[in-house]
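Structure file target.csv (CSV, C-alpha atoms) is printed below.
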chain,number,residue,atom,x,y,z
A,15,MET,CA,99.1,-59.9,83.0
A,16,ILE,CA,102.8,-59.1,83.2
A,17,PRO,CA,103.3,-60.1,86.9
A,18,PHE,CA,101.7,-63.5,86.2
A,19,ILE,CA,104.0,-64.0,83.3
A,20,GLY,CA,106.9,-63.1,85.6
A,21,LEU,CA,105.6,-65.4,88.2
A,22,LEU,CA,105.5,-68.3,85.8
A,23,ILE,CA,109.0,-67.5,84.5
A,24,GLY,CA,110.2,-67.3,88.1
A,25,ILE,CA,108.6,-70.6,89.0
A,26,ILE,CA,110.2,-72.4,86.0
A,27,LEU,CA,113.5,-70.7,86.8
A,28,GLY,CA,113.3,-71.8,90.4
A,29,ILE,CA,112.6,-75.4,89.4
A,30,PHE,CA,115.7,-75.4,87.2
A,31,LEU,CA,118.0,-73.3,89.5
A,32,LYS,CA,117.1,-75.1,92.7
A,33,ILE,CA,118.4,-72.4,95.0
A,34,ASP,CA,119.1,-73.8,98.5
A,35,ILE,CA,117.5,-71.8,101.3
A,36,PRO,CA,119.3,-72.3,104.7
A,37,ALA,CA,117.2,-74.2,107.2
A,38,SER,CA,117.5,-71.4,109.8
A,39,TYR,CA,115.6,-69.0,107.5
A,40,THR,CA,112.6,-71.3,107.0
A,41,THR,CA,110.5,-69.3,109.4
A,42,TYR,CA,111.1,-66.0,107.6
A,43,PHE,CA,110.7,-67.1,104.0
A,44,PRO,CA,107.0,-67.9,104.0
A,45,VAL,CA,106.2,-64.5,105.4
A,46,ALA,CA,108.5,-62.8,102.9
A,47,ILE,CA,106.9,-64.7,100.1
A,48,LEU,CA,103.4,-63.6,101.3
A,49,ALA,CA,104.6,-60.0,101.3
A,50,ALA,CA,106.1,-60.3,97.9
A,51,LEU,CA,102.9,-61.9,96.5
A,52,ASP,CA,100.9,-59.2,98.1
A,53,SER,CA,103.0,-56.5,96.4
A,54,VAL,CA,102.8,-58.3,93.1
A,55,PHE,CA,99.0,-58.5,93.2
A,56,GLY,CA,98.8,-55.0,94.4
A,57,GLY,CA,100.9,-54.0,91.4
A,58,VAL,CA,98.5,-55.9,89.1
A,59,ARG,CA,95.5,-54.2,90.6
A,60,ALA,CA,97.1,-50.8,90.3
A,61,GLY,CA,98.0,-51.6,86.7
A,62,ILE,CA,94.4,-52.4,85.9
A,63,GLU,CA,93.2,-49.2,87.6
A,64,ASN,CA,95.9,-47.3,85.7
A,65,LYS,CA,97.2,-46.0,88.9
A,66,PHE,CA,100.5,-47.9,88.8
A,67,ASP,CA,103.5,-45.9,90.2
A,68,THR,CA,106.9,-47.5,89.8
A,69,GLU,CA,108.5,-46.0,92.9
A,70,ILE,CA,105.6,-46.8,95.2
A,71,PHE,CA,105.5,-50.4,93.8
A,72,ILE,CA,109.2,-51.0,94.3
A,73,SER,CA,109.5,-49.4,97.7
A,74,GLY,CA,106.4,-51.3,98.8
A,75,PHE,CA,107.7,-54.6,97.4
A,76,PHE,CA,111.0,-54.5,99.3
A,77,SER,CA,109.9,-52.7,102.5
A,78,ASN,CA,106.9,-55.1,102.9
A,79,ILE,CA,109.3,-58.1,102.6
A,80,ILE,CA,111.8,-56.6,105.0
A,81,ILE,CA,109.1,-55.6,107.6
A,82,ALA,CA,107.4,-59.0,107.4
A,83,ALA,CA,110.7,-60.9,108.0
A,84,GLY,CA,111.7,-58.4,110.7
A,85,LEU,CA,108.4,-58.7,112.5
A,86,THR,CA,108.8,-62.5,112.4
A,87,TYR,CA,112.3,-62.2,113.9
A,88,LEU,CA,111.1,-59.8,116.5
A,89,GLY,CA,108.3,-62.2,117.4
A,90,ASP,CA,110.7,-65.1,117.7
A,91,ARG,CA,112.8,-63.0,120.1
A,92,LEU,CA,109.8,-61.8,122.2
A,93,GLY,CA,108.2,-65.2,122.2
A,94,VAL,CA,105.1,-63.8,120.5
A,95,PRO,CA,104.0,-65.3,117.2
A,96,MET,CA,104.2,-61.9,115.4
A,97,TYR,CA,104.3,-63.6,112.0
A,98,LEU,CA,100.6,-64.2,112.4
A,99,ALA,CA,100.1,-60.4,112.1
A,100,ALA,CA,101.9,-60.4,108.8
A,101,VAL,CA,100.1,-63.5,107.6
A,102,LEU,CA,96.7,-62.0,108.5
A,103,VAL,CA,97.4,-58.6,107.0
A,104,PHE,CA,99.0,-59.9,103.8
A,105,GLY,CA,96.5,-62.7,103.5
A,106,SER,CA,93.5,-60.5,103.8
A,107,ARG,CA,95.1,-58.0,101.4
A,108,LEU,CA,95.7,-60.7,98.9
A,109,PHE,CA,92.1,-61.7,99.0
A,110,ASN,CA,91.1,-58.0,98.8
A,111,ASN,CA,93.3,-57.5,95.8
A,112,PHE,CA,92.0,-60.6,94.1
A,113,ALA,CA,88.4,-59.5,94.6
A,114,ILE,CA,89.1,-56.0,93.2
A,115,ILE,CA,91.1,-57.4,90.3
A,116,ARG,CA,88.2,-59.8,89.6
A,117,ARG,CA,85.7,-57.0,89.7
A,118,LEU,CA,87.7,-54.7,87.5
A,119,LEU,CA,88.3,-57.4,84.9
A,120,ILE,CA,84.6,-58.3,84.8
A,121,GLU,CA,83.7,-54.7,84.4
A,122,LYS,CA,86.2,-54.3,81.6
A,123,GLY,CA,84.8,-57.4,79.9
A,124,ARG,CA,81.2,-56.1,80.2
A,125,ARG,CA,82.3,-52.7,78.7
A,126,LYS,CA,83.8,-54.5,75.8
A,127,VAL,CA,80.7,-56.6,75.3
A,128,LYS,CA,78.6,-53.4,75.4
A,129,GLN,CA,80.9,-51.7,72.9
A,130,ARG,CA,80.6,-54.6,70.5
A,131,GLU,CA,76.8,-54.6,70.9
A,132,GLU,CA,76.7,-51.0,70.0
B,13,MET,CA,106.1,-53.4,72.0
B,14,LYS,CA,106.8,-50.2,73.9
B,15,PHE,CA,109.4,-50.3,76.6
B,16,ASP,CA,107.8,-49.5,79.9
B,17,GLU,CA,109.9,-49.3,83.1
B,18,GLY,CA,107.0,-50.2,85.3
B,19,LYS,CA,106.1,-53.2,83.3
B,20,VAL,CA,109.7,-54.4,83.4
B,21,LEU,CA,109.8,-53.9,87.2
B,22,LEU,CA,106.5,-55.8,87.6
B,23,LEU,CA,107.9,-58.7,85.5
B,24,LEU,CA,111.1,-58.7,87.5
B,25,SER,CA,109.3,-58.7,90.9
B,26,GLY,CA,107.1,-61.5,89.6
B,27,ILE,CA,110.1,-63.5,88.6
B,28,LEU,CA,111.8,-62.9,91.9
B,29,THR,CA,108.7,-64.0,93.8
B,30,GLY,CA,108.3,-67.1,91.7
B,31,VAL,CA,112.0,-68.1,92.2
B,32,VAL,CA,111.7,-67.6,95.9
B,33,ILE,CA,108.5,-69.6,96.1
B,34,THR,CA,109.7,-72.6,94.1
B,35,SER,CA,113.1,-72.7,95.9
B,36,PHE,CA,111.4,-72.5,99.2
B,37,ILE,CA,109.0,-75.3,98.3
B,38,PHE,CA,111.9,-77.4,97.0
B,39,SER,CA,114.1,-76.8,100.0
B,40,THR,CA,111.6,-77.6,102.7
B,41,SER,CA,109.8,-80.9,103.2
B,42,PHE,CA,106.1,-80.9,102.7
B,43,LYS,CA,104.0,-81.5,105.7
B,44,GLN,CA,100.3,-81.6,105.7
B,45,THR,CA,98.5,-79.5,108.3
B,46,LYS,CA,97.3,-81.6,111.1
B,47,PHE,CA,94.3,-80.7,113.3
B,48,ILE,CA,94.7,-81.5,117.0
B,49,THR,CA,92.5,-81.0,120.0
B,50,TYR,CA,93.3,-78.5,122.7
B,51,ASN,CA,94.6,-81.2,125.1
B,52,GLU,CA,96.9,-82.5,122.5
B,53,TYR,CA,98.1,-79.0,121.8
B,54,LYS,CA,98.7,-78.4,125.5
B,55,ASN,CA,100.7,-81.6,125.8
B,56,MET,CA,102.7,-80.9,122.7
B,57,ASN,CA,103.3,-77.3,123.8
B,58,ASN,CA,104.6,-78.6,127.1
B,59,GLU,CA,106.9,-80.9,125.3
B,60,VAL,CA,108.1,-78.2,123.0
B,61,ASN,CA,108.8,-75.9,125.9
B,62,SER,CA,110.8,-78.6,127.8
B,63,LEU,CA,112.7,-79.4,124.6
B,64,LYS,CA,113.4,-75.7,124.1
B,65,LEU,CA,114.7,-75.4,127.7
B,66,GLU,CA,116.9,-78.5,127.1
B,67,ILE,CA,118.3,-76.9,123.9
B,68,LYS,CA,119.0,-73.7,125.8
B,69,GLY,CA,120.9,-75.6,128.4
B,70,LEU,CA,122.8,-77.6,125.9
B,71,THR,CA,123.7,-74.5,123.9
B,72,ASN,CA,125.0,-73.0,127.1
B,73,ASP,CA,127.0,-76.0,127.9
B,74,TYR,CA,128.4,-76.0,124.4
B,75,GLU,CA,129.4,-72.4,124.6
B,76,ILE,CA,131.1,-72.9,128.0
B,77,LEU,CA,132.9,-76.0,126.7
B,78,THR,CA,134.0,-74.3,123.5
B,79,LYS,CA,135.4,-71.4,125.5
B,80,LYS,CA,137.3,-73.9,127.7
B,81,LEU,CA,138.6,-75.8,124.7
B,82,ARG,CA,139.8,-72.6,123.0
B,83,LYS,CA,141.6,-71.6,126.2
B,84,TYR,CA,143.3,-75.0,126.4
B,85,GLN,CA,144.3,-74.8,122.8
B,86,ARG,CA,145.7,-71.3,123.3
B,87,SER,CA,147.7,-72.3,126.3
B,88,ASP,CA,148.8,-75.4,124.6
B,89,ASN,CA,150.1,-73.3,121.7
B,90,LYS,CA,151.9,-71.1,124.1
B,91,ASP,CA,153.6,-74.0,125.9
B,92,LYS,CA,154.5,-75.5,122.6
B,93,SER,CA,156.2,-72.4,121.4
B,94,ILE,CA,158.0,-71.9,124.6
B,95,ASN,CA,159.2,-75.5,124.5
B,96,ASP,CA,160.3,-75.1,120.9
B,97,THR,CA,162.2,-71.9,121.7
B,98,ILE,CA,163.9,-73.5,124.7
B,99,LYS,CA,164.8,-76.5,122.7
B,100,LYS,CA,166.2,-74.4,120.0
B,101,GLU,CA,168.2,-72.4,122.5
B,102,LEU,CA,169.5,-75.6,124.0
B,103,ASP,CA,170.6,-76.9,120.6
B,104,GLU,CA,172.4,-73.6,120.0
B,105,VAL,CA,174.1,-73.7,123.4
B,106,LYS,CA,175.1,-77.3,122.8
B,107,LEU,CA,176.5,-76.4,119.4
B,108,PHE,CA,178.6,-73.5,120.7
B,109,TYR,CA,179.7,-75.3,123.8
B,110,GLY,CA,180.9,-78.2,121.7
B,111,LEU,CA,178.5,-81.0,122.8
B,112,THR,CA,177.5,-81.9,119.2
B,113,PRO,CA,179.7,-82.9,116.4
B,114,VAL,CA,180.0,-80.2,113.7
B,115,LYS,CA,181.1,-80.0,110.1
B,116,GLY,CA,181.9,-77.2,107.7
B,117,PRO,CA,184.6,-75.6,105.7
B,118,GLY,CA,187.9,-75.0,107.5
B,119,ILE,CA,191.5,-75.9,107.8
B,120,ILE,CA,193.8,-78.6,109.0
B,121,VAL,CA,197.1,-77.7,110.5
B,122,ILE,CA,199.5,-80.5,111.1
B,123,ILE,CA,202.4,-80.0,113.5
B,124,ASP,CA,205.1,-82.6,114.1
B,125,ASP,CA,208.3,-82.5,116.1
B,126,ARG,CA,211.5,-82.0,114.3
B,127,HIS,CA,213.5,-85.2,114.3
B,128,PHE,CA,216.5,-85.7,116.4
B,129,SER,CA,219.8,-84.8,114.9
B,130,LEU,CA,223.3,-85.2,116.3
B,131,GLY,CA,224.9,-82.3,118.0
B,132,ASP,CA,221.8,-80.8,119.4
B,133,ASN,CA,222.2,-79.0,122.7
B,134,ASP,CA,219.5,-78.7,125.4
B,135,GLU,CA,218.1,-75.6,123.9
B,136,ASP,CA,217.8,-77.2,120.5
B,137,LEU,CA,216.1,-80.1,122.1
B,138,LEU,CA,213.5,-77.8,123.6
B,139,MET,CA,213.1,-76.0,120.3
B,140,ARG,CA,212.4,-79.1,118.2
B,141,ILE,CA,209.5,-80.5,120.2
B,142,THR,CA,206.0,-79.3,120.2
B,143,HIS,CA,205.0,-77.9,123.5
B,144,ASN,CA,201.6,-77.4,125.1
B,145,TYR,CA,201.9,-73.6,124.8
B,146,ASP,CA,202.6,-74.0,121.0
B,147,LEU,CA,199.2,-75.7,120.7
B,148,LEU,CA,197.6,-73.0,122.9
B,149,SER,CA,199.1,-70.3,120.7
B,150,MET,CA,198.0,-72.0,117.6
B,151,VAL,CA,194.5,-72.4,119.0
B,152,ASN,CA,194.5,-68.7,119.9
B,153,GLU,CA,195.7,-67.8,116.4
B,154,LEU,CA,192.9,-69.8,114.8
B,155,ARG,CA,190.4,-68.3,117.1
B,156,ASN,CA,191.5,-64.9,116.2
B,157,ALA,CA,191.1,-65.8,112.6
B,158,GLY,CA,187.4,-66.6,113.3
B,159,ALA,CA,187.5,-70.3,114.1
B,160,GLU,CA,184.1,-71.5,115.3
B,161,ALA,CA,185.1,-74.9,116.4
B,162,ILE,CA,188.6,-76.4,117.0
B,163,ALA,CA,189.9,-79.8,117.8
B,164,ILE,CA,193.3,-81.2,118.3
B,165,ASN,CA,193.7,-84.9,117.4
B,166,GLY,CA,190.0,-85.2,117.8
B,167,GLU,CA,189.9,-83.5,121.1
B,168,ARG,CA,187.4,-80.7,120.9
B,169,ILE,CA,188.6,-77.4,122.4
B,170,THR,CA,185.9,-75.9,124.5
B,171,ALA,CA,185.7,-73.2,127.2
B,172,ASN,CA,186.7,-75.8,129.8
B,173,THR,CA,189.6,-77.3,127.9
B,174,ALA,CA,193.0,-77.4,129.4
B,175,ILE,CA,196.1,-78.0,127.3
B,176,THR,CA,198.8,-79.0,129.7
B,177,CYS,CA,202.3,-80.2,129.6
B,178,GLU,CA,202.7,-83.5,131.4
B,179,GLY,CA,206.4,-84.0,131.0
B,180,PRO,CA,207.1,-85.9,127.9
B,181,ILE,CA,203.5,-85.8,126.7
B,182,THR,CA,200.7,-83.3,126.2
B,183,MET,CA,197.3,-83.5,127.7
B,184,ILE,CA,194.1,-82.1,126.4
B,185,ASN,CA,190.8,-82.5,128.2
B,186,ASN,CA,192.5,-84.7,130.7
B,187,ARG,CA,193.5,-87.1,127.9
B,188,TYR,CA,196.9,-87.7,126.4
B,189,VAL,CA,197.6,-86.6,122.8
B,190,VAL,CA,200.8,-87.4,120.9
B,191,PRO,CA,202.4,-85.8,117.9
B,192,PRO,CA,201.8,-85.4,115.0
B,193,PHE,CA,199.2,-82.9,116.2
B,194,GLU,CA,196.4,-82.4,113.7
B,195,ILE,CA,194.5,-79.2,114.5
B,196,THR,CA,191.2,-79.0,112.7
B,197,ALA,CA,189.2,-75.7,112.7
B,198,ILE,CA,186.0,-74.7,111.1
B,199,GLY,CA,185.7,-71.2,109.8
B,200,ASN,CA,186.6,-69.2,106.7
B,201,PRO,CA,189.5,-71.1,105.0
B,202,ASP,CA,190.8,-68.0,103.3
B,203,ALA,CA,190.8,-66.1,106.6
B,204,PHE,CA,192.8,-68.9,108.2
B,205,GLU,CA,195.2,-69.0,105.3
B,206,TYR,CA,195.8,-65.3,105.5
B,207,SER,CA,196.3,-65.1,109.3
B,208,LEU,CA,198.6,-68.1,109.2
B,209,SER,CA,200.7,-66.9,106.4
B,210,VAL,CA,201.5,-63.4,107.6
B,211,ASN,CA,205.1,-63.0,108.7
B,212,GLU,CA,204.4,-62.4,112.4
B,213,SER,CA,202.1,-65.4,112.8
B,214,TYR,CA,202.8,-68.0,115.3
B,215,TYR,CA,202.5,-70.5,112.5
B,216,ASN,CA,205.5,-68.9,110.8
B,217,TYR,CA,207.4,-68.7,114.1
B,218,LEU,CA,207.0,-72.4,114.5
B,219,LYS,CA,207.9,-73.0,110.9
B,220,ASP,CA,210.9,-70.6,110.5
B,221,MET,CA,212.3,-70.2,114.0
B,222,ARG,CA,211.5,-73.5,115.6
B,223,ARG,CA,211.7,-75.3,112.3
B,224,LEU,CA,208.9,-77.8,113.3
B,225,LYS,CA,207.3,-79.9,110.6
B,226,ILE,CA,204.2,-77.8,110.2
B,227,SER,CA,201.8,-77.4,107.3
B,228,PHE,CA,198.2,-76.5,106.7
B,229,LYS,CA,195.6,-77.6,104.2
B,230,LYS,CA,192.4,-75.7,103.3
B,231,MET,CA,189.4,-78.0,103.4
B,232,ASP,CA,185.9,-77.7,102.0
B,233,LYS,CA,184.6,-79.9,104.7
B,234,VAL,CA,186.1,-80.9,108.0
B,235,ILE,CA,184.3,-82.9,110.7
B,236,ILE,CA,184.9,-82.0,114.4
B,237,PRO,CA,183.7,-84.4,117.0
B,238,GLU,CA,181.8,-83.5,120.1
B,239,ALA,CA,183.7,-82.6,123.3
B,240,TYR,CA,184.6,-85.4,125.7
B,241,VAL,CA,182.7,-84.7,128.8
B,242,GLY,CA,184.4,-86.8,131.4
B,243,THR,CA,183.2,-87.7,134.9
B,244,SER,CA,185.6,-85.1,136.3
B,245,TYR,CA,183.4,-82.3,135.0
B,246,LYS,CA,181.0,-81.2,137.8
B,247,ASP,CA,178.9,-78.1,138.2
B,248,GLU,CA,178.2,-78.5,141.9
B,249,ARG,CA,180.1,-75.4,142.9
B,250,LEU,CA,178.6,-73.2,140.2
B,251,LYS,CA,176.2,-70.7,141.5
Can you give me the file's structure in the form of structure tokens?
Amino acid sequence: MIPFIGLLIGIILGIFLKIDIPASYTTYFPVAILAALDSVFGGVRAGIENKFDTEIFISGFFSNIIIAAGLTYLGDRLGVPMYLAAVLVFGSRLFNNFAIIRRLLIEKGRRKVKQREE
Amino acid sequence: MKFDEGKVLLLLSGILTGVVITSFIFSTSFKQTKFITYNEYKNMNNEVNSLKLEIKGLTNDYEILTKKLRKYQRSDNKDKSINDTIKKELDEVKLFYGLTPVKGPGIIVIIDDRHFSLGDNDEDLLMRITHNYDLLSMVNELRNAGAEAIAINGERITANTAITCEGPITMINNRYVVPPFEITAIGNPDAFEYSLSVNESYYNYLKDMRRLKISFKKMDKVIIPEAYVGTSYKDERLK
């Protein structure tokens, strides 16, 4: 639950702060956002599975963002839309994570219901 | 609630992501995805490519022009500084040569002939008038005392000045001057006073031996006019 709360706080903060992002970075930010979102949901999933590791989470969060932006830059340089790779990978992982989170939550709910019935 | 490092980090990363998302959404204009056919895509791609080429060319031009502009500016600066230096030098040369009027602290020495008295012989006659070499010696004495600019009756003494005896009259810079002679000099007034008042000075010789009417006045400010540069001055033989 915590990352969702953080996301909400961040969104509200962003609305009020109105940070200006330079126009030249507009190609890199969407990919970086995807990477960040992926890390956050990965963290949520790990939290639910009780496998959460702070170091892995933080290193993943930042290195994913940096690699995604770097790949996009490299793709721009080479004339190959490399950001598609990042979008594909992070997108599919997002869906994966969502699916697993959903399953885990449903299982948890069922267990609770069972316990109550007992 | 128990403090958990991992939870805090999760919260912080969530906040960071949220802030980035919202600021990105706010700072970029929203455009709906448009579906196009392959032909449209091909045409647009061609257009994009040609525009990209154009941009590349324009960027190249811009870089070249910027380089050129910088070069011009740099050489312009250089020329300007050289001009300024030369102008300053010229002003200094003019100042020291005496082509500009100057003012400053200094001294005024007034020399007048002793008036005629009965029973004077020829020698006395020669003694009581101011000669050109008297003026020359006075000028030398003032120069020794550190005079930076000297004029006699408004005639600036420069490197080319001649002070000559023309019979009954004295000539400075090819122009006649008559007594009383007023020698103005710019320099340290105290130094002038000292060098004029020592016993061996030419000033005291004129005063005590020749008994001319001579006196000096220390001044806070004297004005010395520029040198008269007549048509006779030519530099055609200078090499």
Could you jot down the CA of Pro191 in chain B to CA of Ile235 in chain B separation for me, Å, one decimal place?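 For CA of Pro191 in chain B relative to CA of Ile235 in chain B, the distance reads 19.7 Å.
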Provide as JSON, numbers by chain the residues of chain B at most 10 Å from chain A, counting all atoms listed in the file. {"B": [17, 18, 19, 20, 21, 22, 23, 24, 25, 26, 27, 28, 29, 30, 31, 32, 33, 34, 35, 36, 37, 38, 39, 40]}
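If all atoms listed in the file are the atoms counted, then among A:Val45, A:Leu88, A:Ile114, A:Leu119 the closest residue to Val101 in chain A is A:Val45.
Interatomic distance, CA of Lys230 in chain B against CA of Ile119 in chain B: 4.6 Å.
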Got a sec: who's within 10 Å of range 132-149 of chain B, counting all atoms listed in the file, leaving out chain neighbours fewer than 6 positions off, as a ChimeraX atom specification? /B:123-126,155,164,174-184,190-193,195,213-215,217-218,221-225
Please produce a file of the residues just selected, as an mmCIF file, in the coordinates of the input, where the atoms kept are C-alpha atoms.
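Final output, saved to result.cif:
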data_model
loop_
_atom_site.group_PDB
_atom_site.id
_atom_site.type_symbol
_atom_site.label_atom_id
_atom_site.label_comp_id
_atom_site.auth_asym_id
_atom_site.auth_seq_id
_atom_site.Cartn_x
_atom_site.Cartn_y
_atom_site.Cartn_z
ATOM 1 C CA ILE B 123 202.400 -80.000 113.500
ATOM 2 C CA ASP B 124 205.100 -82.600 114.100
ATOM 3 C CA ASP B 125 208.300 -82.500 116.100
ATOM 4 C CA ARG B 126 211.500 -82.000 114.300
ATOM 5 C CA ARG B 155 190.400 -68.300 117.100
ATOM 6 C CA ILE B 164 193.300 -81.200 118.300
ATOM 7 C CA ALA B 174 193.000 -77.400 129.400
ATOM 8 C CA ILE B 175 196.100 -78.000 127.300
ATOM 9 C CA THR B 176 198.800 -79.000 129.700
ATOM 10 C CA CYS B 177 202.300 -80.200 129.600
ATOM 11 C CA GLU B 178 202.700 -83.500 131.400
ATOM 12 C CA GLY B 179 206.400 -84.000 131.000
ATOM 13 C CA PRO B 180 207.100 -85.900 127.900
ATOM 14 C CA ILE B 181 203.500 -85.800 126.700
ATOM 15 C CA THR B 182 200.700 -83.300 126.200
ATOM 16 C CA MET B 183 197.300 -83.500 127.700
ATOM 17 C CA ILE B 184 194.100 -82.100 126.400
ATOM 18 C CA VAL B 190 200.800 -87.400 120.900
ATOM 19 C CA PRO B 191 202.400 -85.800 117.900
ATOM 20 C CA PRO B 192 201.800 -85.400 115.000
ATOM 21 C CA PHE B 193 199.200 -82.900 116.200
ATOM 22 C CA ILE B 195 194.500 -79.200 114.500
ATOM 23 C CA SER B 213 202.100 -65.400 112.800
ATOM 24 C CA TYR B 214 202.800 -68.000 115.300
ATOM 25 C CA TYR B 215 202.500 -70.500 112.500
ATOM 26 C CA TYR B 217 207.400 -68.700 114.100
ATOM 27 C CA LEU B 218 207.000 -72.400 114.500
ATOM 28 C CA MET B 221 212.300 -70.200 114.000
ATOM 29 C CA ARG B 222 211.500 -73.500 115.600
ATOM 30 C CA ARG B 223 211.700 -75.300 112.300
ATOM 31 C CA LEU B 224 208.900 -77.800 113.300
ATOM 32 C CA LYS B 225 207.300 -79.900 110.600
#
Interatomic distance (Å, one decimal) between CA of Ile122 in chain B and CA of Glu212 in chain B: 18.8 Å
Check the smallest atom-to-atom distance from each of A:Asp52, A:Ser73, A:Asn78, A:Arg116 to Phe104 in chain A using all atoms listed in the file, then report the winner.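 Among the listed residues, the smallest separation from Phe104 in chain A belongs to A:Asp52.
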Completed range 106-125 of chain B (N, CA and C atoms) as a JSON list (two decimals), keeping the file's coordinate frame:
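Below is the file part12.json, written as the result:
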[["chain", "number", "residue", "atom", "x", "y", "z"],
["B", 106, "LYS", "N", 174.38, -76.11, 122.96],
["B", 106, "LYS", "CA", 175.10, -77.30, 122.80],
["B", 106, "LYS", "C", 176.14, -77.20, 121.65],
["B", 107, "LEU", "N", 175.64, -76.58, 120.56],
["B", 107, "LEU", "CA", 176.50, -76.40, 119.40],
["B", 107, "LEU", "C", 177.70, -75.58, 119.71],
["B", 108, "PHE", "N", 177.47, -74.45, 120.41],
["B", 108, "PHE", "CA", 178.60, -73.50, 120.70],
["B", 108, "PHE", "C", 179.47, -74.05, 121.78],
["B", 109, "TYR", "N", 178.88, -74.79, 122.69],
["B", 109, "TYR", "CA", 179.70, -75.30, 123.80],
["B", 109, "TYR", "C", 180.54, -76.50, 123.26],
["B", 110, "GLY", "N", 180.09, -77.15, 122.23],
["B", 110, "GLY", "CA", 180.90, -78.20, 121.70],
["B", 110, "GLY", "C", 180.37, -79.59, 122.06],
["B", 111, "LEU", "N", 179.08, -79.67, 122.37],
["B", 111, "LEU", "CA", 178.50, -81.00, 122.80],
["B", 111, "LEU", "C", 177.95, -81.74, 121.59],
["B", 112, "THR", "N", 178.01, -81.14, 120.41],
["B", 112, "THR", "CA", 177.50, -81.90, 119.20],
["B", 112, "THR", "C", 178.64, -81.85, 118.19],
["B", 113, "PRO", "N", 178.77, -82.94, 117.44],
["B", 113, "PRO", "CA", 179.70, -82.90, 116.40],
["B", 113, "PRO", "C", 179.31, -81.91, 115.29],
["B", 114, "VAL", "N", 180.29, -81.23, 114.71],
["B", 114, "VAL", "CA", 180.00, -80.20, 113.70],
["B", 114, "VAL", "C", 180.83, -80.45, 112.47],
["B", 115, "LYS", "N", 180.35, -79.94, 111.35],
["B", 115, "LYS", "CA", 181.10, -80.00, 110.10],
["B", 115, "LYS", "C", 180.97, -78.73, 109.34],
["B", 116, "GLY", "N", 181.95, -78.45, 108.51],
["B", 116, "GLY", "CA", 181.90, -77.20, 107.70],
["B", 116, "GLY", "C", 183.24, -76.99, 107.07],
["B", 117, "PRO", "N", 183.33, -75.89, 106.31],
["B", 117, "PRO", "CA", 184.60, -75.60, 105.70],
["B", 117, "PRO", "C", 185.62, -75.13, 106.72],
["B", 118, "GLY", "N", 186.87, -75.38, 106.47],
["B", 118, "GLY", "CA", 187.90, -75.00, 107.50],
["B", 118, "GLY", "C", 189.28, -75.33, 107.04],
["B", 119, "ILE", "N", 190.07, -75.70, 108.01],
["B", 119, "ILE", "CA", 191.50, -75.90, 107.80],
["B", 119, "ILE", "C", 192.02, -76.99, 108.63],
["B", 120, "ILE", "N", 193.07, -77.65, 108.17],
["B", 120, "ILE", "CA", 193.80, -78.60, 109.00],
["B", 120, "ILE", "C", 195.22, -78.19, 109.11],
["B", 121, "VAL", "N", 195.70, -78.03, 110.32],
["B", 121, "VAL", "CA", 197.10, -77.70, 110.50],
["B", 121, "VAL", "C", 197.77, -78.92, 111.17],
["B", 122, "ILE", "N", 198.85, -79.35, 110.56],
["B", 122, "ILE", "CA", 199.50, -80.50, 111.10],
["B", 122, "ILE", "C", 200.92, -80.09, 111.62],
["B", 123, "ILE", "N", 201.14, -80.38, 112.87],
["B", 123, "ILE", "CA", 202.40, -80.00, 113.50],
["B", 123, "ILE", "C", 203.10, -81.29, 113.99],
["B", 124, "ASP", "N", 204.32, -81.43, 113.65],
["B", 124, "ASP", "CA", 205.10, -82.60, 114.10],
["B", 124, "ASP", "C", 206.43, -82.11, 114.66],
["B", 125, "ASP", "N", 207.01, -82.88, 115.57],
["B", 125, "ASP", "CA", 208.30, -82.50, 116.10],
["B", 125, "ASP", "C", 209.38, -82.67, 115.03]]
